[in-house]
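Data from target06.txt: compact mmCIF, C-alpha atoms
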# COMPACT_ATOMS: atom_id res chain seq x y z
CA MET A 1 73.95 125.19 95.18
CA ARG A 2 72.94 122.88 92.34
CA THR A 3 72.90 119.17 93.20
CA ARG A 4 71.61 115.97 91.74
CA LYS A 5 71.32 112.36 92.81
CA ALA A 6 73.93 110.07 91.35
CA LYS A 7 74.81 106.46 91.75
CA ARG A 8 78.11 105.85 93.53
CA PRO A 9 80.03 102.61 93.32
CA GLY A 10 79.31 100.45 96.32
CA GLY A 11 75.53 100.24 96.05
CA ILE A 12 74.74 103.68 97.50
CA ASP A 13 72.83 106.76 96.51
CA CYS A 14 74.28 110.05 97.69
CA PRO A 15 73.80 113.70 96.78
CA ILE A 16 76.66 115.12 94.73
CA ASP A 17 77.47 118.80 94.71
CA LEU A 18 78.10 119.58 91.05
CA GLU A 19 80.55 122.30 92.00
CA SER A 20 82.61 120.50 94.66
CA GLU A 21 82.94 117.27 96.61
CA PRO A 22 81.78 116.99 100.25
CA GLU A 23 84.01 118.61 102.85
CA SER A 24 83.70 115.77 105.35
CA PRO A 25 83.72 111.97 105.27
CA LEU A 26 80.51 110.18 104.33
CA SER A 27 78.71 108.41 107.14
CA VAL A 28 75.43 106.72 107.94
CA SER A 29 73.92 110.13 108.69
CA ASP A 30 74.49 111.13 105.07
CA GLY A 31 71.62 108.83 104.15
CA PHE A 32 73.19 105.90 102.41
CA ILE A 33 70.55 103.55 101.03
CA PRO A 34 71.09 100.34 99.09
CA VAL A 35 70.09 100.18 95.43
CA SER A 36 69.91 97.33 92.94
CA LYS A 37 72.25 94.50 93.92
CA HIS A 38 74.01 94.88 90.58
CA ARG A 39 74.94 98.54 91.05
CA THR A 40 78.55 97.61 91.68
CA CYS A 41 79.05 95.12 88.89
CA TRP A 42 81.65 96.17 86.32
CA LYS A 43 79.03 97.38 83.84
CA HIS A 44 77.51 99.85 86.30
CA MET A 45 80.92 101.06 87.46
CA ALA A 46 81.97 101.63 83.85
CA ALA A 47 78.72 103.51 83.21
CA PHE A 48 79.34 105.62 86.33
CA LEU A 49 82.81 106.60 85.09
CA HIS A 50 81.42 107.37 81.65
CA GLU A 51 78.73 109.59 83.20
CA ARG A 52 81.47 111.57 84.96
CA LYS A 53 83.24 111.91 81.59
CA THR A 54 86.16 109.85 82.86
CA LYS A 55 87.95 108.09 80.02
CA ILE A 56 88.20 104.33 80.46
CA SER A 57 91.03 102.46 78.80
CA LYS A 58 90.53 98.90 77.63
CA ARG A 59 93.02 97.77 80.26
CA ARG A 60 91.08 99.48 83.05
CA LEU A 61 87.79 98.15 81.73
CA ARG A 62 89.24 94.67 81.83
CA ARG A 63 90.37 95.23 85.41
CA LEU A 64 86.84 96.28 86.37
CA GLN A 65 85.49 93.11 84.79
CA LEU A 66 87.89 91.00 86.83
CA THR A 67 87.57 92.75 90.19
CA SER A 68 84.26 94.61 90.48
CA LYS A 69 82.03 92.09 92.17
CA CYS A 70 78.71 92.90 93.80
CA PHE A 71 78.79 94.79 97.12
CA SER A 72 75.15 94.15 97.95
CA GLY A 73 74.77 93.92 101.74
CA THR A 74 78.21 95.39 102.38
CA PHE A 75 77.31 99.06 102.55
CA PRO A 76 75.18 100.93 105.09
CA SER A 77 71.43 101.20 104.82
CA ARG A 78 68.97 103.48 106.57
CA LEU A 79 68.33 102.45 110.15
CA ARG A 80 64.63 102.13 109.38
CA SER A 81 65.31 98.54 108.25
CA ASN A 82 66.41 97.66 111.80
CA ARG A 83 63.49 99.58 113.27
CA GLY A 84 61.15 97.53 111.08
CA ALA A 85 62.74 94.32 112.30
CA LYS A 86 62.35 95.50 115.88
CA ARG A 87 58.63 96.15 115.41
CA LYS A 88 58.13 92.61 114.08
CA SER A 89 60.29 90.64 116.49
CA GLY A 90 60.56 92.96 119.47
CA LYS A 91 64.30 93.45 119.04
CA ALA A 92 66.82 94.34 116.36
CA ASP A 93 69.37 91.59 115.74
CA VAL A 94 72.13 92.74 113.40
CA THR A 95 74.19 89.58 113.83
CA GLN A 96 71.77 87.25 112.13
CA GLU A 97 73.28 83.97 111.05
CA GLY A 98 74.29 84.00 107.40
CA VAL A 99 74.30 87.82 107.12
CA LYS A 100 77.51 89.73 106.39
CA LEU A 101 78.14 92.93 108.37
CA ASP A 102 77.67 96.10 106.37
CA THR A 103 79.67 99.24 107.17
CA ALA A 104 76.95 100.73 109.39
CA GLN A 105 76.82 97.63 111.54
CA PHE A 106 80.61 97.29 111.53
CA ASP A 107 81.07 100.87 112.74
CA CYS A 108 78.45 100.38 115.44
CA TYR A 109 80.22 97.31 116.79
CA PHE A 110 83.64 98.91 116.43
CA SER A 111 82.43 101.81 118.57
CA ASP A 112 81.60 99.30 121.32
CA VAL A 113 84.96 97.57 120.96
CA TRP A 114 86.84 100.88 121.13
CA SER A 115 84.87 102.11 124.15
CA ARG A 116 85.95 99.04 126.14
CA LEU A 117 89.66 99.85 125.80
CA SER A 118 91.60 101.63 128.50
CA GLU A 119 92.88 105.11 127.78
CA ASP A 120 96.41 103.77 128.18
CA LYS A 121 95.84 101.28 125.35
CA LYS A 122 94.15 103.83 123.11
CA SER A 123 97.11 106.19 123.41
CA SER A 124 99.22 103.96 121.14
CA PHE A 125 96.54 103.52 118.47
CA ALA A 126 94.78 105.50 115.79
CA TYR A 127 92.09 104.14 113.50
CA LEU A 128 90.55 105.03 110.15
CA GLU A 129 86.86 104.87 109.34
CA SER A 130 85.72 101.68 107.64
CA LEU A 131 84.94 103.35 104.29
CA TRP A 132 88.03 105.53 103.96
CA PHE A 133 90.24 103.05 102.12
CA TYR A 134 87.39 102.26 99.75
CA MET A 135 86.81 105.98 99.15
CA TYR A 136 90.55 106.37 98.50
CA MET A 137 90.18 103.82 95.68
CA LEU A 138 87.35 105.73 94.00
CA PRO A 139 88.16 108.07 91.08
CA GLY A 140 88.08 111.68 92.26
CA TRP A 141 88.03 110.87 96.00
CA LYS A 142 91.67 110.07 96.70
CA GLY A 143 92.58 113.64 97.74
CA LYS A 144 89.66 113.90 100.17
CA ALA A 145 90.38 110.53 101.75
CA ILE A 146 94.05 111.42 102.26
CA GLN A 147 93.05 114.74 103.85
CA TRP A 148 90.73 112.98 106.31
CA ILE A 149 93.56 110.60 107.21
CA ARG A 150 96.03 113.46 107.63
CA ASP A 151 93.68 115.06 110.15
CA ARG A 152 94.05 111.95 112.35
CA ALA A 153 97.78 112.65 112.96
CA ILE A 154 98.54 108.96 112.56
CA PHE A 155 102.34 109.41 112.52
CA ASN A 156 102.15 110.14 116.26
CA LYS A 157 100.82 106.64 117.00
CA ARG A 158 102.57 103.29 117.26
CA TYR A 159 99.78 101.48 115.43
CA VAL A 160 97.10 102.51 112.92
CA ILE A 161 94.01 100.30 112.49
CA VAL A 162 92.67 100.33 108.91
CA PRO A 163 89.54 98.21 108.27
CA ILE A 164 89.28 97.40 104.54
CA VAL A 165 86.16 96.38 102.64
CA LEU A 166 86.73 95.58 98.97
CA TRP A 167 84.84 93.27 96.61
CA GLY A 168 82.37 92.45 99.36
CA HIS A 169 85.09 91.17 101.72
CA TRP A 170 86.50 92.52 105.00
CA SER A 171 90.18 92.40 105.93
CA LEU A 172 92.36 94.34 108.36
CA LEU A 173 95.45 96.43 107.67
CA ILE A 174 97.59 97.49 110.63
CA LEU A 175 100.31 100.09 110.04
CA CYS A 176 103.14 99.82 112.54
CA ASN A 177 105.84 102.34 113.49
CA LEU A 178 104.87 104.93 110.89
CA GLY A 179 106.67 107.66 112.81
CA GLU A 180 110.00 105.82 112.61
CA SER A 181 112.61 106.26 109.90
CA LEU A 182 112.16 104.07 106.83
CA GLU A 183 115.85 103.25 107.08
CA SER A 184 115.78 102.39 110.78
CA GLU A 185 117.30 99.10 111.91
CA ASN A 186 115.05 98.78 114.95
CA GLY A 187 111.36 99.62 114.93
CA LYS A 188 111.22 99.95 111.15
CA PRO A 189 107.76 100.72 109.70
CA CYS A 190 105.85 97.69 108.47
CA MET A 191 102.37 96.64 107.40
CA LEU A 192 100.33 93.74 108.75
CA LEU A 193 97.47 92.39 106.64
CA LEU A 194 95.10 90.09 108.53
CA ASP A 195 92.69 88.17 106.32
CA SER A 196 90.35 85.39 107.41
CA LEU A 197 90.02 84.15 103.82
CA GLU A 198 93.45 83.15 102.58
CA ASN A 199 91.96 81.48 99.52
CA ALA A 200 90.98 84.94 98.24
CA GLY A 201 94.67 85.84 97.95
CA PRO A 202 95.11 88.83 100.32
CA GLY A 203 98.39 89.75 98.62
CA ARG A 204 96.47 90.85 95.51
CA ILE A 205 95.87 94.28 97.03
CA GLU A 206 99.55 94.90 97.83
CA PRO A 207 100.05 97.40 94.93
CA ASP A 208 97.09 99.45 96.17
CA LEU A 209 98.33 99.31 99.76
CA ARG A 210 101.76 100.63 98.75
CA LYS A 211 100.23 103.47 96.70
CA PHE A 212 98.05 104.27 99.70
CA LEU A 213 101.06 104.36 102.00
CA LEU A 214 103.08 106.49 99.57
CA ASP A 215 100.28 109.08 99.39
CA ILE A 216 100.00 109.15 103.19
CA TYR A 217 103.73 109.84 103.57
CA ARG A 218 103.70 112.51 100.88
CA SER A 219 100.68 114.24 102.44
CA GLU A 220 102.83 114.79 105.53
CA GLY A 221 105.61 116.33 103.43
CA ARG A 222 107.95 113.41 104.10
CA ALA A 223 110.74 112.72 101.63
CA VAL A 224 109.88 109.28 100.27
CA ASN A 225 109.80 107.57 96.92
CA LYS A 226 108.40 104.33 95.53
CA LYS A 227 111.66 102.50 96.17
CA LEU A 228 111.59 103.30 99.89
CA ILE A 229 107.90 102.41 100.16
CA HIS A 230 108.55 99.04 98.53
CA GLN A 231 111.15 98.34 101.20
CA ILE A 232 108.47 98.47 103.91
CA PRO A 233 107.61 94.85 104.76
CA LEU A 234 104.07 93.63 104.14
CA LEU A 235 103.46 90.77 106.58
CA ILE A 236 100.50 88.41 106.16
CA PRO A 237 100.29 86.17 109.25
CA LYS A 238 98.49 82.81 109.16
CA VAL A 239 95.46 83.76 111.24
CA PRO A 240 92.25 81.80 112.06
CA GLN A 241 90.04 81.33 109.03
CA GLN A 242 86.33 81.98 108.60
CA ARG A 243 84.00 79.01 108.17
CA ASP A 244 81.65 80.54 105.62
CA ASP A 245 81.48 83.48 103.22
CA VAL A 246 79.86 85.98 105.62
CA GLU A 247 82.00 85.93 108.78
CA CYS A 248 84.79 88.20 107.54
CA GLY A 249 83.46 91.36 109.22
CA LYS A 250 83.16 89.59 112.58
CA PHE A 251 86.69 88.23 112.27
CA VAL A 252 88.09 91.71 111.56
CA LEU A 253 86.38 93.13 114.65
CA TYR A 254 87.80 90.32 116.77
CA PHE A 255 91.25 90.77 115.21
CA ILE A 256 91.10 94.43 116.26
CA HIS A 257 89.92 93.60 119.77
CA LEU A 258 92.66 91.03 120.41
CA PHE A 259 95.46 92.91 118.67
CA VAL A 260 94.85 96.12 120.61
CA ARG A 261 94.65 94.11 123.83
CA ASP A 262 97.87 92.14 123.27
CA ALA A 263 100.02 94.34 121.01
CA PRO A 264 103.57 94.94 122.27
CA GLU A 265 104.63 98.43 123.24
CA SER A 266 107.20 98.36 120.45
CA PHE A 267 106.63 96.24 117.35
CA SER A 268 109.74 94.39 116.20
CA LEU A 269 110.13 92.21 113.12
CA GLY A 270 112.39 89.95 115.17
CA ASP A 271 109.49 88.87 117.40
CA TYR A 272 106.89 88.61 114.62
CA PRO A 273 104.35 87.00 114.41
CA TYR A 274 103.86 87.32 118.19
CA PHE A 275 100.41 85.90 119.02
CA MET A 276 99.08 86.12 115.44
CA ASN A 277 98.79 82.52 114.26
CA ARG A 278 96.20 79.91 113.35
CA THR A 279 95.55 79.07 117.02
CA TRP A 280 95.15 82.72 118.02
CA PHE A 281 91.54 82.12 119.06
CA THR A 282 88.75 79.57 118.70
CA PRO A 283 85.30 79.84 117.08
CA ASP A 284 83.80 79.65 120.57
CA CYS A 285 85.82 82.70 121.65
CA LEU A 286 84.59 84.60 118.60
CA GLN A 287 80.97 83.65 119.30
CA GLN A 288 81.23 84.68 122.96
CA PHE A 289 82.79 87.99 121.95
CA PHE A 290 79.82 88.85 119.73
CA GLU A 291 77.28 87.70 122.25
CA GLU A 292 78.83 90.10 124.76
CA LEU A 293 78.73 92.93 122.21
CA ASP A 294 75.03 92.26 121.59
CA LEU A 295 74.39 92.48 125.34
CA VAL A 296 76.13 95.85 125.40
CA LYS A 297 74.02 97.10 122.47
CA LYS A 298 70.77 95.92 124.03
CA ALA A 299 71.63 97.59 127.32
CA VAL A 300 72.18 100.98 125.67

Using the file provided, produce a representation of the structure as structure tokens.
Amino acid sequence: MRTRKAKRPGGIDCPIDLESEPESPLSVSDGFIPVSKHRTCWKHMAAFLHERKTKISKRRLRRLQLTSKCFSGTFPSRLRSNRGAKRKSGKADVTQEGVKLDTAQFDCYFSDVWSRLSEDKKSSFAYLESLWFYMYMLPGWKGKAIQWIRDRAIFNKRYVIVPIVLWGHWSLLILCNLGESLESENGKPCMLLLDSLENAGPGRIEPDLRKFLLDIYRSEGRAVNKKLIHQIPLLIPKVPQQRDDVECGKFVLYFIHLFVRDAPESFSLGDYPYFMNRTWFTPDCLQQFFEELDLVKKAV
């Protein structure tokens, strides 16, 4: 099989099979390593598309210029960086102050969060890997991402946890009642978007979220159209806000932890926003949560 190294958007190097795309989701074990911090600026993304002989319209190029910020520090790196830190300081601390969580660190912490949940709680939830929505947004990867999601059988769950990392920022999408009829009066499907940085305008990704949802429904052979998808409410509760520009990943993990713990057995728009409000938790609660996670990691 003939392969070459190519630069992917998101500050990663990965081997590309020139004859086909990978058959499984990318992960830390696939050897992601960070490259130049400018690899995800609009110029490099445009060059990447040109290299793949993908035509770029002026409108799309303009969109790249407006939205394609740097992802440096957001994507996974080889674990040797943590090993090096451990040799110098005697321990690996991946929650350094002023450092944003990358996807490798996020997934590691999420694994701890998920393992703490009771089997009864887990039975109502499904979750998607932290890079899947981003991969869905990449040219040529949409079909693969949708197939990975289909394999999770998410329509059998009451809630679906979807961590989102775009433009160097973490937010959380929660899909509710996907298995219910789109025309149902009670228990109608809806989307929750939890964002700890309201100033960034979380609603800006609504068109992409609705396309994402439409493709998920169609992959299951369900009779839907854009009109029905646009009738699904997108709710953006007023949740606690981060205090700096690097806490977003921590907030998303804590959102997941608390939502799974307190989510009602049946989500109803009549009772929204439930516990999701600006006083949902305090900074001290968030700090204690991460200190406990670090203790778990160090004990393993």

**Report entry** Exercise: stretch 226-235 of chain A partners within 6 Å, all atoms listed in the file, chain neighbours under 5 positions left out, as a PyMOL selection string
**Finding:** chain A and resi 190-192

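With distances restricted to only C-alpha atoms, A:Val239 is the closest residue to A:Thr279 from A:Val239, A:Leu172, A:Ala223, A:Cys108.
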
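One finds atom CA of A:Ile164 at 23.7 Å from atom CA of A:Ser268.
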
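In this comparison, which uses all atoms listed in the file, the residue of A:Val113, A:Pro237, A:Thr103, A:Ile256 approaching A:Asp294 most closely is A:Val113.
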
Report summary line: Taken to one decimal, the atom CA of A:Gln242-atom CA of A:Ser196 distance is 5.4 Å

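Counting only C-alpha atoms, the residue from A:Phe212, A:Tyr159, A:Trp170, A:Phe110 that sits nearest to A:Gly143 is A:Phe212.
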